[in-house]
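Have a look at input.txt below; it lists compact mmCIF, C-alpha atoms and all ligand atoms.
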```txt
# COMPACT_ATOMS: atom_id res chain seq x y z
CA MET A 1048 97.92 134.65 88.88
CA ARG A 1049 100.82 132.33 89.63
CA LEU A 1050 100.87 130.41 92.88
CA LEU A 1051 103.62 128.15 94.20
CA HIS A 1052 102.14 125.50 96.48
CA LEU A 1053 104.65 124.06 98.95
CA SER A 1054 104.10 121.99 102.05
CA ASP A 1055 105.63 120.16 104.97
CA LEU A 1056 108.86 122.07 105.36
CA HIS A 1057 109.49 120.40 108.76
CA PHE A 1058 111.92 123.19 109.53
CA GLU A 1059 114.06 122.79 112.65
CA THR A 1060 116.25 125.25 114.44
CA LEU A 1061 119.86 124.21 114.95
CA PRO A 1062 120.89 121.71 116.13
CA GLU A 1063 118.42 119.70 114.02
CA ARG A 1064 117.14 116.54 115.69
CA LEU A 1065 114.69 114.80 113.37
CA TYR A 1066 115.72 115.75 109.85
CA VAL A 1067 119.38 116.65 110.02
CA GLY A 1068 120.28 118.98 107.17
CA VAL A 1069 116.71 120.13 106.59
CA SER A 1070 117.60 123.82 106.88
CA SER A 1071 120.19 123.68 104.13
CA THR A 1072 117.81 121.59 101.98
CA LEU A 1073 115.16 124.28 102.34
CA ASN A 1074 117.61 127.07 101.55
CA ARG A 1075 118.85 125.26 98.45
CA SER A 1076 115.31 124.45 97.32
CA TRP A 1077 114.16 128.03 97.69
CA ARG A 1078 117.14 129.34 95.70
CA GLU A 1079 116.04 127.04 92.86
CA LEU A 1080 112.30 127.71 93.12
CA ARG A 1081 112.40 131.48 93.47
CA VAL A 1082 113.19 131.86 89.74
CA LEU A 1083 109.59 130.75 89.09
CA ASP A 1084 108.62 134.18 90.36
CA PRO A 1085 105.26 133.31 91.92
CA ASP A 1086 102.77 136.00 92.91
CA LEU A 1087 102.12 134.04 96.08
CA VAL A 1088 103.70 131.10 97.91
CA LEU A 1089 101.18 128.98 99.80
CA VAL A 1090 102.61 126.67 102.47
CA SER A 1091 100.04 124.11 103.56
CA GLY A 1092 101.26 123.16 107.01
CA ASP A 1093 103.85 121.19 108.95
CA LEU A 1094 106.04 124.24 108.77
CA THR A 1095 107.97 122.68 111.67
CA SER A 1096 108.33 119.24 113.26
CA TYR A 1097 107.44 120.24 116.83
CA GLY A 1098 106.31 123.85 116.84
CA ALA A 1099 103.25 123.24 119.01
CA TRP A 1100 105.59 121.98 121.75
CA ASP A 1101 108.40 124.52 121.22
CA GLN A 1102 107.37 127.99 120.13
CA GLY A 1103 111.00 128.71 119.13
CA GLN A 1104 110.56 126.34 116.16
CA LEU A 1105 107.67 128.44 114.83
CA ARG A 1106 109.61 131.65 115.38
CA GLY A 1107 112.48 130.07 113.44
CA VAL A 1108 110.36 129.04 110.47
CA LYS A 1109 108.62 132.42 110.40
CA ARG A 1110 112.04 134.08 110.13
CA TRP A 1111 112.87 131.66 107.31
CA LEU A 1112 109.62 132.39 105.47
CA ASP A 1113 110.05 136.14 105.91
CA SER A 1114 113.56 135.83 104.48
CA MET A 1115 112.20 134.33 101.24
CA ASP A 1116 111.45 137.85 100.07
CA ALA A 1117 108.19 136.64 98.53
CA SER A 1118 104.55 137.13 99.38
CA TYR A 1119 103.34 134.05 101.24
CA VAL A 1120 100.46 132.56 103.19
CA ALA A 1121 101.19 129.79 105.69
CA LEU A 1122 98.80 127.62 107.67
CA PRO A 1123 99.56 125.14 110.47
CA GLY A 1124 99.76 121.35 110.24
CA ASN A 1125 99.52 118.80 113.03
CA HIS A 1126 103.15 119.47 114.00
CA ASP A 1127 102.54 123.22 114.36
CA LEU A 1128 99.06 123.06 115.95
CA GLY A 1129 98.27 119.71 117.56
CA ALA A 1130 95.26 118.19 115.80
CA SER A 1131 93.57 116.22 118.57
CA VAL A 1132 93.84 115.18 122.20
CA ASP A 1133 94.38 111.57 121.10
CA ARG A 1134 97.23 112.39 118.74
CA GLY A 1135 98.82 114.54 121.42
CA PHE A 1136 98.61 111.66 123.89
CA LYS A 1137 100.29 109.28 121.44
CA PHE A 1138 102.95 111.78 120.28
CA PRO A 1139 103.44 114.19 123.18
CA VAL A 1140 106.27 116.21 121.61
CA ILE A 1141 105.92 116.11 117.82
CA GLU A 1142 102.12 116.45 117.92
CA TYR A 1143 101.67 118.23 121.24
CA TYR A 1144 98.03 119.27 121.67
CA GLU A 1145 97.49 122.72 123.15
CA SER A 1146 94.26 122.67 125.18
CA VAL A 1147 93.85 126.41 124.86
CA GLU A 1148 91.84 128.79 122.76
CA TRP A 1149 93.18 129.76 119.33
CA SER A 1150 94.72 133.07 120.38
CA ARG A 1151 96.89 131.33 122.98
CA THR A 1152 98.33 128.65 120.69
CA ASN A 1153 101.96 128.90 119.66
CA PHE A 1154 100.94 129.24 116.02
CA ALA A 1155 98.54 132.15 116.62
CA ARG A 1156 101.05 133.95 118.85
CA VAL A 1157 103.90 133.66 116.34
CA PHE A 1158 102.04 134.15 113.06
CA GLU A 1159 99.47 136.58 114.50
CA GLN A 1160 96.67 135.38 112.26
CA GLN A 1161 93.14 134.05 112.59
CA PRO A 1162 92.17 130.40 111.86
CA VAL A 1163 91.11 131.51 108.38
CA VAL A 1164 93.10 133.98 106.32
CA SER A 1165 92.43 135.05 102.78
CA LYS A 1166 94.39 136.95 100.21
CA LEU A 1167 93.16 138.29 96.89
CA VAL A 1168 95.81 137.80 94.21
CA GLY A 1169 95.13 138.68 90.58
CA GLY A 1170 91.38 138.29 91.00
CA VAL A 1171 91.67 134.90 92.76
CA GLU A 1172 90.95 134.59 96.48
CA VAL A 1173 93.34 132.21 98.24
CA ILE A 1174 91.81 131.04 101.52
CA ALA A 1175 93.90 129.17 104.11
CA VAL A 1176 92.17 127.20 106.88
CA ALA A 1177 93.66 125.97 110.17
CA LEU A 1178 91.71 123.00 111.54
CA ARG A 1179 91.71 121.03 114.75
CA ASP A 1180 89.55 118.03 115.70
CA ARG A 1181 85.95 119.17 116.38
CA ASP A 1182 86.94 122.61 115.11
CA PRO A 1183 87.17 124.40 118.51
CA ASP A 1184 88.40 127.54 116.74
CA GLY A 1185 85.33 128.01 114.54
CA ALA A 1186 87.47 127.81 111.38
CA LEU A 1187 84.73 126.25 109.28
CA ASP A 1188 82.20 128.95 110.19
CA GLN A 1189 84.83 131.48 109.15
CA LEU A 1190 85.48 129.61 105.90
CA GLU A 1191 81.75 129.55 105.12
CA ALA A 1192 81.53 133.29 105.75
CA VAL A 1193 84.53 134.07 103.54
CA LEU A 1194 83.27 131.88 100.70
CA SER A 1195 79.80 133.44 100.76
CA GLY A 1196 81.07 136.94 101.47
CA SER A 1197 82.40 137.73 98.02
CA GLU A 1198 82.48 136.52 94.44
CA GLY A 1199 85.08 135.32 91.97
CA PRO A 1200 87.24 132.21 91.82
CA ALA A 1201 88.80 130.85 94.98
CA LEU A 1202 91.43 128.33 96.00
CA VAL A 1203 91.00 126.79 99.46
CA ALA A 1204 94.01 125.41 101.34
CA GLY A 1205 94.21 123.22 104.42
CA HIS A 1206 96.73 120.78 105.82
CA TYR A 1207 94.75 117.55 105.55
CA PRO A 1208 93.57 115.90 102.32
CA ILE A 1209 89.83 115.69 101.81
CA SER A 1210 90.18 112.41 99.89
CA PRO A 1211 92.95 109.78 100.23
CA VAL A 1212 95.72 110.44 97.70
CA ARG A 1213 96.72 106.81 96.99
CA GLU A 1214 94.71 103.61 96.58
CA CYS A 1215 97.31 101.33 98.18
CA GLY A 1216 100.08 101.40 100.75
CA VAL A 1217 100.31 103.60 103.79
CA LEU A 1218 98.49 106.56 102.22
CA ALA A 1219 95.34 104.58 101.53
CA ASN A 1220 94.66 104.96 105.26
CA PHE A 1221 96.71 107.96 106.30
CA GLY A 1222 95.13 111.33 105.69
CA SER A 1223 92.54 113.08 107.78
CA GLU A 1224 91.23 110.15 109.82
CA GLY A 1225 92.24 110.50 113.45
CA PHE A 1226 93.34 114.10 112.96
CA ILE A 1227 90.35 116.34 112.32
CA GLY A 1228 87.50 113.84 112.79
CA SER A 1229 84.04 115.07 111.94
CA ALA A 1230 85.35 118.45 110.76
CA LEU A 1231 86.44 116.68 107.56
CA GLU A 1232 82.91 116.18 106.25
CA ARG A 1233 81.93 119.79 106.77
CA LEU A 1234 85.16 120.91 105.12
CA ARG A 1235 84.33 118.67 102.16
CA SER A 1236 80.80 120.03 101.84
CA LEU A 1237 81.96 123.66 102.03
CA VAL A 1238 84.69 123.15 99.42
CA LEU A 1239 82.47 121.19 97.04
CA GLY A 1240 79.36 123.22 97.74
CA SER A 1241 80.78 126.59 96.76
CA GLU A 1242 80.60 127.51 93.10
CA ARG A 1243 83.68 129.68 93.63
CA VAL A 1244 86.19 126.94 94.49
CA ALA A 1245 88.41 125.58 91.71
CA ALA A 1246 90.90 123.62 93.81
CA TYR A 1247 91.72 122.44 97.32
CA LEU A 1248 95.45 122.52 98.20
CA CYS A 1249 96.83 120.36 101.01
CA GLY A 1250 99.89 118.59 102.37
CA HIS A 1251 100.37 116.18 105.30
CA VAL A 1252 100.80 113.00 103.22
CA HIS A 1253 104.35 113.65 101.98
CA ALA A 1254 103.38 112.72 98.43
CA ALA A 1255 102.48 114.74 95.36
CA SER A 1256 99.06 114.12 93.88
CA VAL A 1257 96.33 115.71 91.86
CA LEU A 1258 92.88 114.17 91.79
CA PRO A 1259 89.33 115.34 91.15
CA LEU A 1260 87.09 115.78 94.18
CA SER A 1261 84.16 116.52 91.87
CA ASP A 1262 83.66 117.41 88.21
CA ARG A 1263 84.75 120.95 89.08
CA VAL A 1264 87.19 120.84 92.03
CA LEU A 1265 90.70 119.36 91.99
CA GLN A 1266 92.65 118.38 95.08
CA PHE A 1267 96.43 118.93 95.02
CA SER A 1268 98.78 117.56 97.65
CA ALA A 1269 102.25 119.02 97.53
CA GLY A 1270 105.14 116.86 98.65
CA ALA A 1271 107.23 117.68 101.70
CA LEU A 1272 109.88 120.19 100.71
CA GLY A 1273 112.10 119.41 103.72
CA PRO A 1274 112.06 115.62 104.32
CA GLY A 1275 110.77 114.56 100.89
CA PRO A 1276 109.46 114.18 98.38
CA SER A 1277 110.95 117.60 97.81
CA CYS A 1278 108.50 119.10 95.33
CA GLY A 1279 105.52 121.38 94.97
CA TRP A 1280 102.97 122.60 92.46
CA LEU A 1281 103.21 125.66 90.29
CA ILE A 1282 99.63 126.70 89.61
CA ASP A 1283 98.69 129.31 87.04
CA PHE A 1284 95.16 130.68 87.07
CA SER A 1285 94.01 132.92 84.28
CA ASP A 1286 90.38 133.87 83.64
CA ASP A 1287 88.68 130.49 83.65
CA ARG A 1288 91.69 128.15 83.19
CA LEU A 1289 93.78 126.52 85.86
CA SER A 1290 97.03 124.82 84.86
CA TRP A 1291 99.65 123.07 86.93
CA ASP A 1292 103.23 121.79 86.82
CA LEU A 1293 105.12 119.67 89.31
CA VAL A 1294 108.30 121.48 90.37
CA ALA A 1295 111.21 119.87 92.20
CA GLY A 1296 113.17 121.09 95.20
CA SER A 1297 116.61 119.79 96.02
CA GLY A 1298 115.84 117.39 98.89
CA PRO A 1299 115.07 113.65 98.82
CA GLN A 1300 112.33 112.55 96.42
CA THR A 1301 110.87 109.79 98.60
CA PHE A 1302 109.76 109.59 102.22
CA TRP A 1303 107.78 106.41 102.95
CA SER A 1304 109.76 103.16 103.23
CA GLY A 1305 109.50 100.35 100.68
CA GLU A 1306 107.62 98.09 103.11
CA GLN A 1307 104.86 100.69 103.39
CA LEU A 1308 104.13 100.82 99.67
CA ASP A 1309 102.37 97.48 98.97
CA GLY A 1310 104.86 96.76 96.20
CA ALA A 1311 104.41 100.07 94.36
CA ASP A 1312 107.40 101.70 92.72
CA PRO A 1313 108.74 104.25 95.25
CA ALA A 1314 109.08 107.04 92.65
CA ASP A 1315 105.55 106.49 91.33
CA TYR A 1316 104.20 106.25 94.84
CA HIS A 1317 105.66 109.57 95.98
CA LEU A 1318 105.29 111.65 92.82
CA GLY A 1319 102.38 109.93 91.07
CA PRO A 1320 102.33 108.95 87.39
CA SER A 1321 104.16 111.39 85.13
CA SER A 1322 100.90 111.96 83.20
CA THR A 1323 99.63 113.92 86.23
CA TRP A 1324 102.66 116.19 86.59
CA ARG A 1325 101.33 118.75 84.17
CA GLY A 1326 97.81 119.58 83.08
CA SER A 1327 95.08 122.14 82.85
CA ILE A 1328 91.35 122.37 83.26
CA SER A 1329 88.79 124.88 82.24
CA PHE A 1330 87.17 126.26 85.36
CA VAL A 1331 83.70 127.29 84.33
CA ARG A 1332 81.49 128.88 86.92
CA ARG A 1333 77.78 128.29 86.66
CA PRO A 1334 75.93 131.40 85.52
CA ARG A 1335 74.54 133.39 88.40
CA ARG A 1336 70.81 133.78 88.63
CA SER A 1337 69.58 137.30 88.08
CA ARG A 1338 68.22 138.93 91.22
CA LEU A 1339 65.15 139.90 89.22
CA GLY A 1340 64.62 136.29 88.19
CA THR A 1341 64.82 137.09 84.51
FE FE A 1401 104.39 116.49 107.46
FE FE A 1402 100.98 116.62 108.85
```
Represent the structure of the file as structure tokens.
Ligand SMILES: [Fe+2]
Ligand SMILES: [Fe+2]
Amino acid sequence: MRLLHLSDLHFETLPERLYVGVSSTLNRSWRELRVLDPDLVLVSGDLTSYGAWDQGQLRGVKRWLDSMDASYVALPGNHDLGASVDRGFKFPVIEYYESVEWSRTNFARVFEQQPVVSKLVGGVEVIAVALRDRDPDGALDQLEAVLSGSEGPALVAGHYPISPVRECGVLANFGSEGFIGSALERLRSLVLGSERVAAYLCGHVHAASVLPLSDRVLQFSAGALGPGPSCGWLIDFSDDRLSWDLVAGSGPQTFWSGEQLDGADPADYHLGPSSTWRGSISFVRRPRRSRLGT
């Protein structure tokens, strides 16, 4: 099973206001990435820059995703489904918080999906989770039910990283804090507590990273295909082996400014050390106990 993990498109309808040229960047990037021929494209949020405030943005990005002519699963980020009342107060347009039930949010109306969606591809279940602060939509109950409801390897995807992706600079403190609050710890325990999960795929931080969450589960953050760094992960999963490659889009390869990096090299900061760009792990599931106890 071959999955292309992309994130943070930050698509805008014309005329673009925040990231001028983002639409042509995305079109160019997809023309280059489609040759990878993935079985599934997973887009881990921030599909738009202000879709929670303007439903037309979400309709626009859905048209763009549908036009890719590829099977995909998309979940919302804080710009598509406001994360918290506090964030919405601070950023009333780009992180507008919709104080309504799930089915009445712009994202649910446009994408017509539940907070948790799953897709079985080549024997691997890919599970996408939409989270808001305090989890008013019951996404984590749904995730728990999906994980315990069947067997076989699974990849879980959400917008926010479970663990910080960098030790210094802006990303040492920018991740889930202030966005999904206490829901983070339950997400962590569900992802790490399930013997099925091989990896957690996220976005939000506009940096590529791969790091172990435990001795069995890896966390991948894709870059931000629209504003940069324009890259993603190509993940191949066969039997009990998961391998990955960093793949580049055609947009900018950095996002955070030099002053925010604590002196780190901008390329290293956004893409991580080259030793992490490709790798593989054996994903060995613990043997299941016989129901007869033998
Ligand atoms: Fe983003
Ligand atoms: Fe985000």
Kindly compile the residues surrounding ligand FE 1402 (chain A) within 6 Å, counting all atoms listed in the file, and format them as a PDB file with C-alpha atoms, in the coordinates of the input.
```
ATOM      1  CA  ASP A1093     103.850 121.190 108.950  1.00  0.00           C
ATOM      2  CA  GLY A1124      99.760 121.350 110.240  1.00  0.00           C
ATOM      3  CA  ASN A1125      99.520 118.800 113.030  1.00  0.00           C
ATOM      4  CA  HIS A1251     100.370 116.180 105.300  1.00  0.00           C
TER       5      HIS A1251
END
```
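Each of A:Leu1194, A:Leu1258, A:Leu1178, A:Val1164 was checked against Ala1130 in chain A using only C-alpha atoms; the smallest atom-to-atom distance is that of A:Leu1178.
For the set A:Val1157, A:Asp1086, A:Val1217, A:Pro1320, the residue with the smallest atom-to-atom gap to Ser1118 in chain A is A:Asp1086, counting all atoms listed in the file.
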* Name each residue within 8 Å of ligand FE 1401 (chain A), counting all atoms listed in the file, as number ranges by chain. => A: 1054-1057, 1092-1093, 1096, 1124-1126, 1250-1253, 1271
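Using all atoms listed in the file for every distance, the candidate list A:Val1193, A:Ala1255, A:Val1082, A:Val1244 yields A:Val1244 as the residue closest to Phe1330 in chain A.
Residues within 10 Å of Gly1169 in chain A, counting only C-alpha atoms and excluding same-chain residues fewer than 5 positions away, are Met1048, Arg1049, Asp1086, Phe1284, Ser1285 and Asp1286 of chain A.
CA of Leu1265 in chain A is found 11.6 Å from CA of Ala1204 in chain A.
Taking CA of Ser1329 in chain A and CA of Asp1283 in chain A as endpoints, the distance between them is 11.9 Å.
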* Any idea what's packed within 9 Å of Lys1166 in chain A, counting all atoms listed in the file, ignoring anything in its chain fewer than 6 positions away? Could you give it as a PyMOL selection string? -> chain A and resi 1120+1172-1175
* To do: Identify, on the basis of only C-alpha atoms, every residue whose closest approach to range 1109-1112 of chain A does not exceed 12 Å; exclude the query and any residue fewer than 2 positions from it along the same chain; express the result as a ChimeraX atom specification.
  => /A:1053,1056-1060,1070-1071,1073-1074,1077,1088-1090,1094-1095,1098,1102-1107,1114-1123,1127,1153-1159
Generate the output file for the selected residues, C-alpha atoms, as a short mmCIF file (atom, residue, chain, number, x, y, z; two decimals), keeping the file's coordinate frame.
```cif
data_model
loop_
_atom_site.label_atom_id
_atom_site.label_comp_id
_atom_site.auth_asym_id
_atom_site.auth_seq_id
_atom_site.Cartn_x
_atom_site.Cartn_y
_atom_site.Cartn_z
CA LEU A 1053 104.65 124.06 98.95
CA LEU A 1056 108.86 122.07 105.36
CA HIS A 1057 109.49 120.40 108.76
CA PHE A 1058 111.92 123.19 109.53
CA GLU A 1059 114.06 122.79 112.65
CA THR A 1060 116.25 125.25 114.44
CA SER A 1070 117.60 123.82 106.88
CA SER A 1071 120.19 123.68 104.13
CA LEU A 1073 115.16 124.28 102.34
CA ASN A 1074 117.61 127.07 101.55
CA TRP A 1077 114.16 128.03 97.69
CA VAL A 1088 103.70 131.10 97.91
CA LEU A 1089 101.18 128.98 99.80
CA VAL A 1090 102.61 126.67 102.47
CA LEU A 1094 106.04 124.24 108.77
CA THR A 1095 107.97 122.68 111.67
CA GLY A 1098 106.31 123.85 116.84
CA GLN A 1102 107.37 127.99 120.13
CA GLY A 1103 111.00 128.71 119.13
CA GLN A 1104 110.56 126.34 116.16
CA LEU A 1105 107.67 128.44 114.83
CA ARG A 1106 109.61 131.65 115.38
CA GLY A 1107 112.48 130.07 113.44
CA SER A 1114 113.56 135.83 104.48
CA MET A 1115 112.20 134.33 101.24
CA ASP A 1116 111.45 137.85 100.07
CA ALA A 1117 108.19 136.64 98.53
CA SER A 1118 104.55 137.13 99.38
CA TYR A 1119 103.34 134.05 101.24
CA VAL A 1120 100.46 132.56 103.19
CA ALA A 1121 101.19 129.79 105.69
CA LEU A 1122 98.80 127.62 107.67
CA PRO A 1123 99.56 125.14 110.47
CA ASP A 1127 102.54 123.22 114.36
CA ASN A 1153 101.96 128.90 119.66
CA PHE A 1154 100.94 129.24 116.02
CA ALA A 1155 98.54 132.15 116.62
CA ARG A 1156 101.05 133.95 118.85
CA VAL A 1157 103.90 133.66 116.34
CA PHE A 1158 102.04 134.15 113.06
CA GLU A 1159 99.47 136.58 114.50
#
```
* Selection: 12 Å around Gly1185 in chain A, all atoms listed in the file, excl. self and same-chain fewer than 2 positions, as a ChimeraX atom specification -> /A:1148-1149,1161-1163,1176-1183,1187-1192,1230,1233-1234
* Tell me which protein, DNA and RNA residues are within 12 Å of Asp1312 in chain A, counting only C-alpha atoms, leaving out same-chain ones fewer than 6 positions away, and put them as an MDAnalysis selection string. => chainID A and resid 1215:1216 1301 1303:1306 1318:1320
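The interatomic distance for the pair CA of Val1140 in chain A and CA of Arg1075 in chain A works out to 27.9 Å.
For the choices A:Val1132, A:Leu1051, A:Gly1326, A:Pro1274, the atom-to-atom distance to Arg1081 in chain A is smallest for A:Leu1051 when using all atoms listed in the file.
Proximity of A:Trp1324, A:Arg1151, A:Ile1282, A:Ile1141 to Leu1065 in chain A, computed with only C-alpha atoms, is greatest for A:Ile1141.
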Can you give me N, CA and C atoms for range 1147-1171 of chain A, written as an mmCIF file, in the frame of the given file?
```cif
data_model
loop_
_atom_site.group_PDB
_atom_site.id
_atom_site.type_symbol
_atom_site.label_atom_id
_atom_site.label_comp_id
_atom_site.auth_asym_id
_atom_site.auth_seq_id
_atom_site.Cartn_x
_atom_site.Cartn_y
_atom_site.Cartn_z
ATOM 1 N N VAL A 1147 94.089 124.985 124.626
ATOM 2 C CA VAL A 1147 93.850 126.410 124.860
ATOM 3 C C VAL A 1147 93.107 126.983 123.667
ATOM 4 N N GLU A 1148 92.528 128.149 123.871
ATOM 5 C CA GLU A 1148 91.840 128.790 122.760
ATOM 6 C C GLU A 1148 92.860 129.225 121.704
ATOM 7 N N TRP A 1149 92.326 129.450 120.494
ATOM 8 C CA TRP A 1149 93.180 129.760 119.330
ATOM 9 C C TRP A 1149 94.236 130.813 119.627
ATOM 10 N N SER A 1150 93.798 131.931 120.235
ATOM 11 C CA SER A 1150 94.720 133.070 120.380
ATOM 12 C C SER A 1150 95.903 132.765 121.290
ATOM 13 N N ARG A 1151 95.802 131.673 122.073
ATOM 14 C CA ARG A 1151 96.890 131.330 122.980
ATOM 15 C C ARG A 1151 97.757 130.179 122.460
ATOM 16 N N THR A 1152 97.475 129.697 121.262
ATOM 17 C CA THR A 1152 98.330 128.650 120.690
ATOM 18 C C THR A 1152 99.645 129.257 120.211
ATOM 19 N N ASN A 1153 100.662 128.417 120.152
ATOM 20 C CA ASN A 1153 101.960 128.900 119.660
ATOM 21 C C ASN A 1153 101.828 129.464 118.251
ATOM 22 N N PHE A 1154 101.041 128.787 117.402
ATOM 23 C CA PHE A 1154 100.940 129.240 116.020
ATOM 24 C C PHE A 1154 100.316 130.636 115.945
ATOM 25 N N ALA A 1155 99.212 130.843 116.676
ATOM 26 C CA ALA A 1155 98.540 132.150 116.620
ATOM 27 C C ALA A 1155 99.430 133.243 117.197
ATOM 28 N N ARG A 1156 100.173 132.927 118.228
ATOM 29 C CA ARG A 1156 101.050 133.950 118.850
ATOM 30 C C ARG A 1156 102.178 134.338 117.896
ATOM 31 N N VAL A 1157 102.744 133.351 117.190
ATOM 32 C CA VAL A 1157 103.900 133.660 116.340
ATOM 33 C C VAL A 1157 103.458 134.259 115.007
ATOM 34 N N PHE A 1158 102.433 133.674 114.396
ATOM 35 C CA PHE A 1158 102.040 134.150 113.060
ATOM 36 C C PHE A 1158 100.997 135.269 113.124
ATOM 37 N N GLU A 1159 100.417 135.470 114.301
ATOM 38 C CA GLU A 1159 99.470 136.580 114.500
ATOM 39 C C GLU A 1159 98.411 136.593 113.413
ATOM 40 N N GLN A 1160 97.751 135.439 113.236
ATOM 41 C CA GLN A 1160 96.670 135.380 112.260
ATOM 42 C C GLN A 1160 95.508 134.588 112.822
ATOM 43 N N GLN A 1161 94.359 134.748 112.189
ATOM 44 C CA GLN A 1161 93.140 134.050 112.590
ATOM 45 C C GLN A 1161 93.151 132.635 111.988
ATOM 46 N N PRO A 1162 92.209 131.761 112.430
ATOM 47 C CA PRO A 1162 92.170 130.400 111.860
ATOM 48 C C PRO A 1162 91.953 130.388 110.349
ATOM 49 N N VAL A 1163 91.279 131.416 109.827
ATOM 50 C CA VAL A 1163 91.110 131.510 108.380
ATOM 51 C C VAL A 1163 91.694 132.838 107.910
ATOM 52 N N VAL A 1164 92.561 132.757 106.915
ATOM 53 C CA VAL A 1164 93.100 133.980 106.320
ATOM 54 C C VAL A 1164 92.862 133.908 104.822
ATOM 55 N N SER A 1165 92.608 135.066 104.222
ATOM 56 C CA SER A 1165 92.430 135.050 102.780
ATOM 57 C C SER A 1165 93.199 136.195 102.148
ATOM 58 N N LYS A 1166 93.599 135.962 100.922
ATOM 59 C CA LYS A 1166 94.390 136.950 100.210
ATOM 60 C C LYS A 1166 93.897 136.974 98.770
ATOM 61 N N LEU A 1167 93.606 138.139 98.275
ATOM 62 C CA LEU A 1167 93.160 138.290 96.890
ATOM 63 C C LEU A 1167 94.373 138.570 96.020
ATOM 64 N N VAL A 1168 94.634 137.666 95.080
ATOM 65 C CA VAL A 1168 95.810 137.800 94.210
ATOM 66 C C VAL A 1168 95.351 137.668 92.767
ATOM 67 N N GLY A 1169 95.497 138.733 91.997
ATOM 68 C CA GLY A 1169 95.130 138.680 90.580
ATOM 69 C C GLY A 1169 93.706 138.223 90.348
ATOM 70 N N GLY A 1170 92.790 138.641 91.199
ATOM 71 C CA GLY A 1170 91.380 138.290 91.000
ATOM 72 C C GLY A 1170 90.991 136.934 91.579
ATOM 73 N N VAL A 1171 91.955 136.203 92.149
ATOM 74 C CA VAL A 1171 91.670 134.900 92.760
ATOM 75 C C VAL A 1171 91.832 135.020 94.268
#
```
